[in-house]
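Student: To be precise about what I am sending: the file is called run34.txt and holds compact mmCIF, C-alpha atoms.
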```txt
# COMPACT_ATOMS: atom_id res chain seq x y z
CA MET A 1 0.00 0.00 0.00
CA ASP A 2 1.41 3.37 -1.04
CA LYS A 3 1.57 6.11 1.54
CA GLU A 4 1.84 9.84 0.85
CA VAL A 5 4.64 11.67 2.65
CA VAL A 6 5.59 15.34 2.68
CA VAL A 7 9.18 16.25 1.79
CA SER A 8 10.98 19.57 1.37
CA TRP A 9 13.53 20.84 -1.11
CA ILE A 10 15.67 23.94 -0.52
CA GLN A 11 17.78 25.82 -3.07
CA ASP A 12 19.28 29.26 -3.59
CA ILE A 13 17.42 31.78 -5.70
CA TYR A 14 18.08 35.20 -7.20
CA ASP A 15 15.61 37.75 -8.56
CA SER A 16 16.02 41.52 -8.43
CA ARG A 17 12.45 41.90 -7.11
CA LEU A 18 12.84 39.68 -4.04
CA LEU A 19 13.64 42.48 -1.59
CA ASP A 20 10.61 44.53 -2.69
CA LEU A 21 8.38 41.46 -2.50
CA SER A 22 9.68 40.63 0.95
CA ARG A 23 9.05 44.19 2.16
CA GLN A 24 5.50 44.02 0.85
CA SER A 25 5.03 40.69 2.65
CA ALA A 26 6.15 42.46 5.83
CA ILE A 27 3.51 45.16 5.26
CA ILE A 28 0.74 42.53 5.19
CA TYR A 29 2.24 40.84 8.26
CA ASN A 30 2.46 44.12 10.20
CA ARG A 31 -1.13 45.04 9.33
CA SER A 32 -2.29 41.60 10.52
CA LEU A 33 -0.29 42.04 13.73
CA LYS A 34 -1.75 45.48 14.46
CA ASN A 35 -5.35 44.47 13.69
CA PHE A 36 -5.13 41.27 15.74
CA TRP A 37 -3.80 42.90 18.92
CA GLU A 38 -6.09 45.92 18.71
CA TYR A 39 -9.09 43.59 18.57
CA PHE A 40 -7.70 41.33 21.30
CA ASN A 41 -6.98 44.22 23.69
CA GLU A 42 -10.51 45.53 23.22
CA ASN A 43 -12.51 42.26 23.17
CA LYS A 44 -10.17 39.66 24.72
CA LYS A 45 -10.87 37.35 21.78
CA PHE A 46 -8.69 35.96 18.99
CA LEU A 47 -9.45 36.96 15.42
CA SER A 48 -9.46 34.21 12.79
CA SER A 49 -7.51 34.44 9.53
CA ASN A 50 -10.71 35.30 7.64
CA ASP A 51 -11.58 38.06 10.11
CA ILE A 52 -8.11 39.60 9.81
CA GLN A 53 -8.35 39.44 6.02
CA SER A 54 -11.67 41.27 6.00
CA ASN A 55 -10.42 43.94 8.43
CA ILE A 56 -7.18 45.00 6.70
CA GLU A 57 -6.34 46.44 3.29
CA ILE A 58 -4.56 43.91 1.05
CA ASN A 59 -5.11 45.40 -2.39
CA ASP A 60 -3.54 48.88 -2.28
CA ASP A 61 -0.42 50.13 -4.10
CA ASP A 62 1.86 49.34 -1.16
CA VAL A 63 1.45 45.61 -1.85
CA ARG A 64 0.83 45.69 -5.59
CA LEU A 65 3.48 43.08 -6.53
CA LEU A 66 2.10 40.23 -4.44
CA GLY A 67 -0.53 37.81 -5.69
CA CYS A 68 -3.78 37.46 -3.75
CA ASP A 69 -2.96 33.92 -2.55
CA SER A 70 0.43 35.13 -1.29
CA LYS A 71 -1.25 37.83 0.79
CA ILE A 72 -3.71 35.35 2.27
CA GLY A 73 -0.85 32.93 2.97
CA ILE A 74 1.00 35.62 4.97
CA ILE A 75 -2.10 36.26 7.11
CA GLN A 76 -2.53 32.52 7.67
CA ASN A 77 1.13 32.19 8.66
CA PHE A 78 0.73 34.97 11.22
CA ARG A 79 -2.36 33.22 12.61
CA LYS A 80 -0.36 29.97 12.89
CA ALA A 81 2.27 31.82 14.93
CA ILE A 82 -0.48 32.97 17.32
CA LYS A 83 -1.79 29.41 17.55
CA SER A 84 1.70 28.08 18.33
CA TRP A 85 2.18 30.73 21.02
CA ASN A 86 -1.20 29.88 22.57
CA ALA A 87 -0.30 26.17 22.65
CA ALA A 88 3.10 26.97 24.18
CA ILE A 89 1.44 29.07 26.93
CA LYS A 90 -0.84 26.16 27.87
CA GLU A 91 2.14 23.82 28.00
CA TYR A 92 4.06 26.39 30.07
CA GLU A 93 1.24 26.55 32.62
CA LYS A 94 1.34 22.75 32.98
CA HIS A 95 5.11 22.23 32.91
CA PRO A 96 6.99 25.53 33.53
CA ASP A 97 10.19 23.59 34.28
CA LYS A 98 10.47 22.71 30.58
CA PHE A 99 10.89 26.39 29.64
CA THR A 100 13.63 28.92 30.33
CA SER A 101 11.00 31.70 30.45
CA GLU A 102 7.38 32.35 29.61
CA PRO A 103 6.69 32.07 25.83
CA LYS A 104 6.34 35.47 24.17
CA PRO A 105 3.73 36.22 21.47
CA PRO A 106 4.58 37.87 18.12
CA THR A 107 4.35 41.62 18.76
CA GLU A 108 7.21 43.18 16.78
CA ASN A 109 6.84 44.65 13.29
CA LYS A 110 9.04 43.24 10.54
CA GLU A 111 11.02 44.97 7.82
CA ILE A 112 11.02 41.90 5.58
CA ALA A 113 8.96 38.71 5.73
CA PRO A 114 8.89 35.40 3.81
CA ILE A 115 7.16 35.40 0.41
CA ILE A 116 4.57 32.62 0.17
CA PHE A 117 3.28 30.82 -2.91
CA LYS A 118 0.39 28.36 -2.81
CA ASP A 119 -0.38 25.46 -5.11
CA GLU A 120 -2.40 27.53 -7.61
CA GLN A 121 0.52 29.96 -8.02
CA ILE A 122 3.06 27.29 -8.99
CA ARG A 123 3.23 26.15 -12.62
CA TYR A 124 5.74 24.12 -14.62
CA LYS A 125 6.73 25.06 -18.17
CA ASN A 126 9.82 24.44 -20.30
CA ARG A 127 11.89 23.00 -17.42
CA LEU A 128 11.05 26.02 -15.28
CA LEU A 129 8.85 26.51 -12.25
CA LEU A 130 6.83 29.71 -12.56
CA LEU A 131 5.82 31.36 -9.28
CA SER A 132 2.95 33.73 -10.03
CA LEU A 133 2.83 37.28 -8.70
CA ALA A 134 0.14 39.96 -9.09
CA LYS A 135 -1.65 40.36 -12.41
CA GLY A 136 0.62 42.00 -14.98
CA GLN A 137 3.83 41.02 -13.17
CA GLU A 138 6.30 38.55 -14.67
CA PRO A 139 6.47 35.33 -12.62
CA ILE A 140 9.59 34.27 -10.75
CA ARG A 141 11.38 31.61 -12.81
CA ILE A 142 13.34 28.74 -11.25
CA LYS A 143 15.10 25.87 -13.01
CA TRP A 144 13.45 22.60 -12.00
CA ASP A 145 13.79 18.88 -12.62
CA MET A 146 10.27 17.48 -12.81
CA ASP A 147 11.55 14.09 -11.64
CA LYS A 148 11.40 15.59 -8.13
CA GLY A 149 7.68 16.19 -8.62
CA LYS A 150 5.63 19.39 -8.69
CA PRO A 151 5.72 21.44 -5.47
CA HIS A 152 2.39 22.44 -3.96
CA TYR A 153 3.80 25.12 -1.66
CA ALA A 154 6.84 27.43 -1.73
CA VAL A 155 8.40 30.00 0.60
CA ILE A 156 11.16 32.46 -0.36
CA SER A 157 13.11 33.93 2.55
CA TYR A 158 16.38 35.72 3.20
CA LYS A 159 18.98 33.83 5.25
CA SER A 160 21.06 36.55 6.88
CA HIS A 161 23.68 34.12 8.25
CA LYS A 162 24.23 32.85 4.69
CA GLY A 163 23.80 36.20 2.96
CA ARG A 164 21.45 34.94 0.26
CA TRP A 165 17.84 34.23 -0.67
CA GLN A 166 16.52 30.68 -0.51
CA VAL A 167 13.34 29.04 -1.74
CA SER A 168 11.86 26.13 0.19
CA PHE A 169 9.52 23.83 -1.71
CA VAL A 170 7.05 21.40 -0.19
CA LEU A 171 6.29 18.30 -2.24
CA LYS A 172 4.17 15.20 -1.74
CA HIS A 173 5.67 11.82 -2.61
CA SER A 174 4.15 8.37 -2.65
CA VAL A 175 6.24 5.72 -0.94
CA SER A 176 5.63 2.00 -0.62
CA GLU A 177 5.07 0.80 2.91
CA ILE A 178 7.03 -2.31 3.87
CA LYS A 179 4.53 -5.01 4.79
CA GLY A 180 4.92 -7.75 7.34
CA LEU A 181 6.90 -5.85 9.96
CA ASP A 182 5.99 -6.60 13.57
CA LYS A 183 4.75 -3.29 15.02
CA THR A 184 4.87 -4.70 18.54
CA LYS A 185 8.66 -4.89 18.24
CA THR A 186 10.36 -1.61 19.13
CA LEU A 187 13.79 -0.18 18.39
CA GLY A 188 14.77 2.54 20.87
CA GLY A 189 17.19 5.29 19.88
CA ASP A 190 19.08 7.75 22.09
CA LEU A 191 20.70 10.71 20.33
CA GLY A 192 24.07 12.02 21.45
CA GLN A 193 27.17 13.99 20.54
CA LYS A 194 30.05 11.51 20.67
CA ARG A 195 27.71 8.82 19.41
CA THR A 196 25.17 10.18 16.95
CA ILE A 197 22.64 7.55 18.02
CA THR A 198 22.64 4.43 20.17
CA THR A 199 19.91 1.88 19.41
CA PHE A 200 18.57 -1.04 21.48
CA ASP A 201 16.06 -3.63 20.31
CA GLY A 202 15.74 -5.52 23.58
CA LYS A 203 18.62 -7.84 22.81
CA GLU A 204 21.32 -5.98 20.93
CA THR A 205 22.83 -2.52 21.38
CA VAL A 206 24.33 -0.71 18.37
CA THR A 207 26.21 2.60 18.56
CA TYR A 208 26.84 4.90 15.60
CA SER A 209 29.94 7.06 15.98
CA GLY A 210 29.55 10.82 15.80
CA LYS A 211 33.26 11.54 15.40
CA SER A 212 32.99 12.60 11.77
CA ILE A 213 30.10 14.98 12.54
CA LYS A 214 31.86 16.38 15.60
CA SER A 215 35.02 16.89 13.57
CA GLU A 216 33.10 18.63 10.79
CA ILE A 217 31.37 20.94 13.27
CA ARG A 218 34.74 21.82 14.79
CA LEU A 219 36.16 22.57 11.34
CA ARG A 220 33.13 24.71 10.46
CA GLU A 221 33.42 26.79 13.64
CA LYS A 222 37.18 27.12 13.15
CA ASN A 223 36.62 28.48 9.64
CA LYS A 224 34.04 30.93 10.99
CA GLY A 225 36.60 32.18 13.50
CA LYS A 226 39.24 32.62 10.81
CA THR A 227 36.75 34.54 8.67
CA GLN A 228 35.92 36.90 11.54
CA ASN A 229 39.62 37.53 12.18
CA LYS A 230 40.19 38.43 8.54
CA LEU A 231 37.20 40.79 8.58
CA ALA A 232 38.43 42.66 11.64
CA GLY A 233 39.49 46.19 10.74
CA LEU A 234 38.13 46.04 7.17
CA THR A 235 35.62 48.57 5.88
CA LYS A 236 32.19 46.96 5.90
CA TYR A 237 30.91 46.01 2.43
CA SER A 238 34.22 46.90 0.80
CA ARG A 239 35.48 44.76 -2.07
CA LYS A 240 37.82 42.70 0.16
CA TYR A 241 35.16 42.44 2.90
CA LYS A 242 32.63 40.94 0.48
CA LYS A 243 35.21 38.55 -0.96
CA ILE A 244 36.15 37.16 2.47
CA LYS A 245 32.49 36.93 3.49
CA ARG A 246 31.67 35.01 0.32
CA ALA A 247 34.54 32.56 0.89
CA GLY A 248 33.42 32.03 4.48
CA ARG A 249 29.84 31.26 3.46
CA LYS A 250 31.07 28.81 0.83
CA ALA A 251 33.20 26.92 3.38
CA THR A 252 30.30 26.82 5.87
CA LYS A 253 27.91 25.49 3.25
CA LYS A 254 30.31 22.67 2.34
CA SER A 255 30.60 21.64 6.00
CA ASP A 256 26.83 21.78 6.49
CA ASN A 257 26.30 19.59 3.42
CA ARG A 258 28.78 17.00 4.70
CA ILE A 259 27.09 16.94 8.11
CA LYS A 260 23.67 16.54 6.51
CA ASP A 261 24.96 13.73 4.27
CA THR A 262 26.37 11.82 7.24
CA CYS A 263 23.12 12.19 9.20
CA HIS A 264 21.12 10.86 6.23
CA LYS A 265 23.40 7.85 5.90
CA ILE A 266 23.15 7.03 9.61
CA SER A 267 19.36 7.36 9.64
CA ARG A 268 19.11 5.10 6.58
CA THR A 269 21.35 2.51 8.29
CA VAL A 270 19.13 2.54 11.39
CA VAL A 271 15.99 2.00 9.29
CA ASN A 272 17.64 -0.83 7.34
CA TYR A 273 18.61 -2.48 10.62
CA ALA A 274 15.00 -2.28 11.84
CA VAL A 275 13.72 -3.84 8.60
CA GLU A 276 16.32 -6.61 8.79
CA LYS A 277 15.21 -7.45 12.37
CA ASN A 278 11.50 -7.26 11.46
CA ILE A 279 10.97 -4.28 13.79
CA GLY A 280 7.94 -2.15 12.97
CA THR A 281 8.35 0.72 15.46
CA ILE A 282 11.28 3.10 16.05
CA VAL A 283 11.22 5.36 19.12
CA ILE A 284 13.67 8.29 19.40
CA GLY A 285 14.47 9.96 22.73
CA GLU A 286 13.20 13.50 23.36
CA CYS A 287 16.07 16.03 23.20
CA ALA A 288 14.10 19.26 23.66
CA GLY A 289 15.46 21.46 26.41
CA ILE A 290 18.94 19.96 26.42
CA HIS A 291 20.44 23.46 26.79
CA ILE A 292 18.05 24.75 29.44
CA ASN A 293 19.91 26.55 32.23
CA THR A 294 23.30 25.30 31.04
CA ASP A 295 26.51 27.03 30.13
CA CYS A 296 28.91 24.63 28.49
CA GLY A 297 31.52 27.20 27.50
CA GLU A 298 33.41 26.07 24.40
CA ASN A 299 31.23 22.96 24.21
CA ASN A 300 28.26 25.14 23.29
CA GLN A 301 29.51 24.93 19.69
CA ALA A 302 28.84 21.19 19.74
```
Take the structure in the file and write it out as C-alpha cells.

Tutor:
Amino acid sequence: MDKEVVVSWIQDIYDSRLLDLSRQSAIIYNRSLKNFWEYFNENKKFLSSNDIQSNIEINDDDVRLLGCDSKIGIIQNFRKAIKSWNAAIKEYEKHPDKFTSEPKPPTENKEIAPIIFKDEQIRYKNRLLLLSLAKGQEPIRIKWDMDKGKPHYAVISYKSHKGRWQVSFVLKHSVSEIKGLDKTKTLGGDLGQKRTITTFDGKETVTYSGKSIKSEIRLREKNKGKTQNKLAGLTKYSRKYKKIKRAGRKATKKSDNRIKDTCHKISRTVVNYAVEKNIGTIVIGECAGIHINTDCGENNQA
C-alpha cells in the first residue's frame, strides 16, 4: 500500500524583485499584527484568519506586486504563529520547568517577511517553475527537474547568516510501505554527541559514531573564527570584505552539506537495521530542552 509523505527541497534563488516582495510581505504581516492585537486588547478574543483578512487592506499600491494567494498565505502564517504561542502558553502553565522563560507572542513589526506561494501559483513550463505574482507582473522563474515532482507550496526567505535568498519547496511523494513488519517490536534510539545515536532492540545494542560529525562541526566553527579575524578592521561592504564573506559562506555550506549527508546515511542505516530485524516501530528519545539553564563554554559549539 502506497503512503503519501511530505518532503521539502531547498535551493538558492536570485531575482532583483525579491527584496521589494519581501518588504510588501512584511507590510501585510504588520497590518495583521496590528489588527489582531487591537481587537484582542478591546474584546479579549482571537481573530481568525478570515476576520483579519476582512479587516485589513490587502489590495492597495503598497502591496501591488504580491498575488492574492500570497497575501492570504502571509495572514494565515501569522495566525499559525499565534496558535503556536497559545499552545506553548498552555504547556508552560502545565510544565513551567520545561521552559527557560514564559513564551512570548509575536508583537514586533518586521522589515522583511517570507514570500509565500500556494499550489495555484506554482506552474511548470519548459523546465522552469513559474511562481505567479500579481496580475501584470512577470512570474519568478526557477530551473526545475520534474523528476522531483511538482511542489504544492513554496516560501522564499532571506537567510542573513548565509547572505542569500533561498526558496523552500514542499512536495508530496508516494512511498511503498514495507509489509509484514511486527509493530509490537520496538527499536529505541538515544541521540548524542560523541555517538550520533545508540539503538537497542531488547537484545542488541548498536552505537553509531559521531566523530565525523563532531570533527566537521569543529572545522566549520574554526573556519568561521578565521573569517571573523580576517574581517576585523576592514571597511564593511568593501570589495575585500565581500570577498572574504563570500569565501566564508562557501566553506560553511560545504561543511553543512557533509554533516547533513552523514546524518542521512546514519538514519538510513538505522531503518535498514529495523527492517532486517522485522521491527515495525522506532522510538527516538526527546532532546528538547537539552540546553536549558546550562553554560557549556566552548562545548556550546557542539

Student: Hey, could you make a per-residue contact list for region 93-207 of chain A against region 249-261 of chain A with 10 Å as the cut-off, showing the nearest pair of atoms and its distance in Å to one decimal, counting all atoms listed in the file, sorted by chain and number, as JSON lines?

Tutor:
```
{"residue": "A:His161", "atom": "CA", "partner": "A:Arg249", "partner_atom": "CA", "distance": 8.3}
{"residue": "A:Lys162", "atom": "CA", "partner": "A:Arg249", "partner_atom": "CA", "distance": 6.0}
{"residue": "A:Gly163", "atom": "CA", "partner": "A:Arg249", "partner_atom": "CA", "distance": 7.8}
{"residue": "A:Arg164", "atom": "CA", "partner": "A:Arg249", "partner_atom": "CA", "distance": 9.7}
```

Student: Could you take the residues named above and write them with C-alpha atoms, as a compact mmCIF listing (two decimals), in the coordinates of the input?

Tutor:
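Done, and the output landed in part-v1.txt:
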```txt
# COMPACT_ATOMS: atom_id res chain seq x y z
CA HIS A 161 23.68 34.12 8.25
CA LYS A 162 24.23 32.85 4.69
CA GLY A 163 23.80 36.20 2.96
CA ARG A 164 21.45 34.94 0.26
```

Student: Can you work out which one of A:Tyr29, A:Phe46, A:Tyr14, A:Phe117 has the shortest atom-to-atom distance to Ile74 (chain A), counting all atoms listed in the file?

Tutor: A:Tyr29

Student: Just the residues within 10 Å of Arg64 (chain A), please, counting all atoms listed in the file, with nothing from its chain fewer than 5 positions along; format it as a tab-separated table (two decimals) with C-alpha atoms, in the frame of the given file.

Tutor:
```
chain	number	residue	atom	x	y	z
A	21	LEU	CA	8.38	41.46	-2.50
A	24	GLN	CA	5.50	44.02	0.85
A	58	ILE	CA	-4.56	43.91	1.05
A	59	ASN	CA	-5.11	45.40	-2.39
A	133	LEU	CA	2.83	37.28	-8.70
A	134	ALA	CA	0.14	39.96	-9.09
A	135	LYS	CA	-1.65	40.36	-12.41
A	137	GLN	CA	3.83	41.02	-13.17
```

Student: Just give me the gap between CA of Cys68 (chain A) and CA of Ser32 (chain A) in Å, one decimal is fine.

Tutor: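 Interatomic distance, CA of Cys68 (chain A) to CA of Ser32 (chain A): 14.9 Å.
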
Student: Could you please determine the separation between CA of Val170 (chain A) and CA of Val6 (chain A) in Å, to one decimal place?

Tutor: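 Calculated distance between CA of Val170 (chain A) and CA of Val6 (chain A) is 6.9 Å.
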
Student: Might you pull out every residue within 12 Å of region 79-91 of chain A, with all atoms listed in the file counted and same-chain residues fewer than 4 positions away left off, and present them as a VMD selection string?

Tutor: chain A and resid 29 32 to 33 35 to 37 40 46 to 53 72 to 75 95 to 99 101 to 107

Student: Using all atoms listed in the file, which of A:Tyr241, A:Tyr273, A:Tyr39, A:Trp9 sits nearest Thr186 (chain A)?

Tutor: A:Tyr273

Student: Expressed in Å to a single decimal, how great is the separation between CA of Val7 (chain A) and CA of Ile197 (chain A)?

Tutor: 22.8 Å

Student: Within 12 Å of Ser267 (chain A), counting only C-alpha atoms, which residues show up once you throw out same-chain ones fewer than 5 positions away? Write them as JSON, numbers by chain, please.

Tutor: {"A": [189, 191, 196, 197, 198, 199, 208, 260, 261, 262, 272, 273, 274, 282, 284]}

Student: Point out the residue among A:Ile244, A:Gln193, A:Gly67, A:Leu129 with the least atom-to-atom distance to Ile217 (chain A), counting all atoms listed in the file.

Tutor: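 Looking only at the distances to Ile217 (chain A), the closest residue turns out to be A:Gln193.
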
Student: Any idea what's packed within 12 Å of Val167 (chain A), counting only C-alpha atoms, ignoring anything in its chain fewer than 6 positions away? Could you give it as number ranges by chain?

Tutor: A: 8-15, 18, 114-117, 129, 131, 140-143, 151, 153-159

Student: May I ask which of the residues A:Asn278, A:Asn109, A:Gln121, A:Ser209 is the closest one to Lys179 (chain A), counting all atoms listed in the file?

Tutor: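 Comparing A:Asn278, A:Asn109, A:Gln121, A:Ser209 against Lys179 (chain A), the winner is A:Asn278.
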
Student: Can you tell me, as JSON, the centre and edge lengths (Å, one decimal) of the axis-aligned box enclosing all of region 172-175 of chain A's listed atoms after padding each side by 4 Å?

Tutor:
```
{"center_x": 5.2, "center_y": 10.5, "center_z": -1.8, "size_x": 10.1, "size_y": 17.5, "size_z": 9.7}
```

Student: I'd like the neighbourhood of region 275-277 of chain A as a PyMOL selection string, where a residue qualifies if any of its atoms comes within 9 Å (using only C-alpha atoms), though same-chain residues fewer than 6 positions away should be ignored.

Tutor: chain A and resi 178+181+201

Student: Writing N, CA, C and O atoms and nothing else, produce region 166-183 of chain A as a compact mmCIF listing (two decimals), in the first residue's frame.

Tutor:
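Okay, part_27.txt is ready:
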```
# COMPACT_ATOMS: atom_id res chain seq x y z
N GLN A 166 16.77 32.11 -0.30
CA GLN A 166 16.52 30.68 -0.51
C GLN A 166 15.03 30.45 -0.73
O GLN A 166 14.19 31.16 -0.18
N VAL A 167 14.73 29.45 -1.56
CA VAL A 167 13.34 29.04 -1.74
C VAL A 167 13.19 27.62 -1.20
O VAL A 167 14.01 26.75 -1.46
N SER A 168 12.16 27.44 -0.39
CA SER A 168 11.86 26.13 0.19
C SER A 168 10.57 25.60 -0.44
O SER A 168 9.53 26.25 -0.35
N PHE A 169 10.68 24.45 -1.08
CA PHE A 169 9.52 23.83 -1.71
C PHE A 169 8.99 22.70 -0.84
O PHE A 169 9.76 22.00 -0.18
N VAL A 170 7.69 22.53 -0.86
CA VAL A 170 7.05 21.40 -0.19
C VAL A 170 6.42 20.52 -1.25
O VAL A 170 5.64 20.99 -2.08
N LEU A 171 6.79 19.24 -1.24
CA LEU A 171 6.29 18.30 -2.24
C LEU A 171 5.66 17.09 -1.54
O LEU A 171 5.99 16.78 -0.39
N LYS A 172 4.77 16.42 -2.24
CA LYS A 172 4.17 15.20 -1.74
C LYS A 172 4.65 14.03 -2.59
O LYS A 172 4.58 14.08 -3.82
N HIS A 173 5.19 13.00 -1.92
CA HIS A 173 5.67 11.82 -2.61
C HIS A 173 4.92 10.59 -2.13
O HIS A 173 4.54 10.50 -0.96
N SER A 174 4.73 9.65 -3.03
CA SER A 174 4.15 8.37 -2.65
C SER A 174 5.26 7.37 -2.41
O SER A 174 6.15 7.20 -3.24
N VAL A 175 5.22 6.73 -1.26
CA VAL A 175 6.24 5.72 -0.94
C VAL A 175 5.52 4.41 -0.61
O VAL A 175 4.39 4.40 -0.13
N SER A 176 6.20 3.32 -0.89
CA SER A 176 5.63 2.00 -0.62
C SER A 176 5.93 1.60 0.82
O SER A 176 7.08 1.62 1.25
N GLU A 177 4.90 1.24 1.53
CA GLU A 177 5.07 0.80 2.91
C GLU A 177 5.52 -0.65 2.94
O GLU A 177 4.98 -1.49 2.22
N ILE A 178 6.52 -0.94 3.76
CA ILE A 178 7.03 -2.31 3.87
C ILE A 178 6.03 -3.12 4.69
O ILE A 178 5.73 -2.78 5.84
N LYS A 179 5.53 -4.18 4.12
CA LYS A 179 4.53 -5.01 4.79
C LYS A 179 5.20 -6.11 5.60
O LYS A 179 6.33 -6.50 5.34
N GLY A 180 4.47 -6.58 6.59
CA GLY A 180 4.92 -7.75 7.34
C GLY A 180 5.76 -7.44 8.55
O GLY A 180 6.13 -8.36 9.30
N LEU A 181 6.10 -6.17 8.79
CA LEU A 181 6.90 -5.85 9.96
C LEU A 181 6.07 -5.95 11.24
O LEU A 181 4.88 -5.62 11.24
N ASP A 182 6.68 -6.42 12.29
CA ASP A 182 5.99 -6.60 13.57
C ASP A 182 5.98 -5.27 14.34
O ASP A 182 7.00 -4.86 14.88
N LYS A 183 4.83 -4.61 14.38
CA LYS A 183 4.75 -3.29 15.02
C LYS A 183 4.82 -3.35 16.54
O LYS A 183 4.95 -2.33 17.21
```
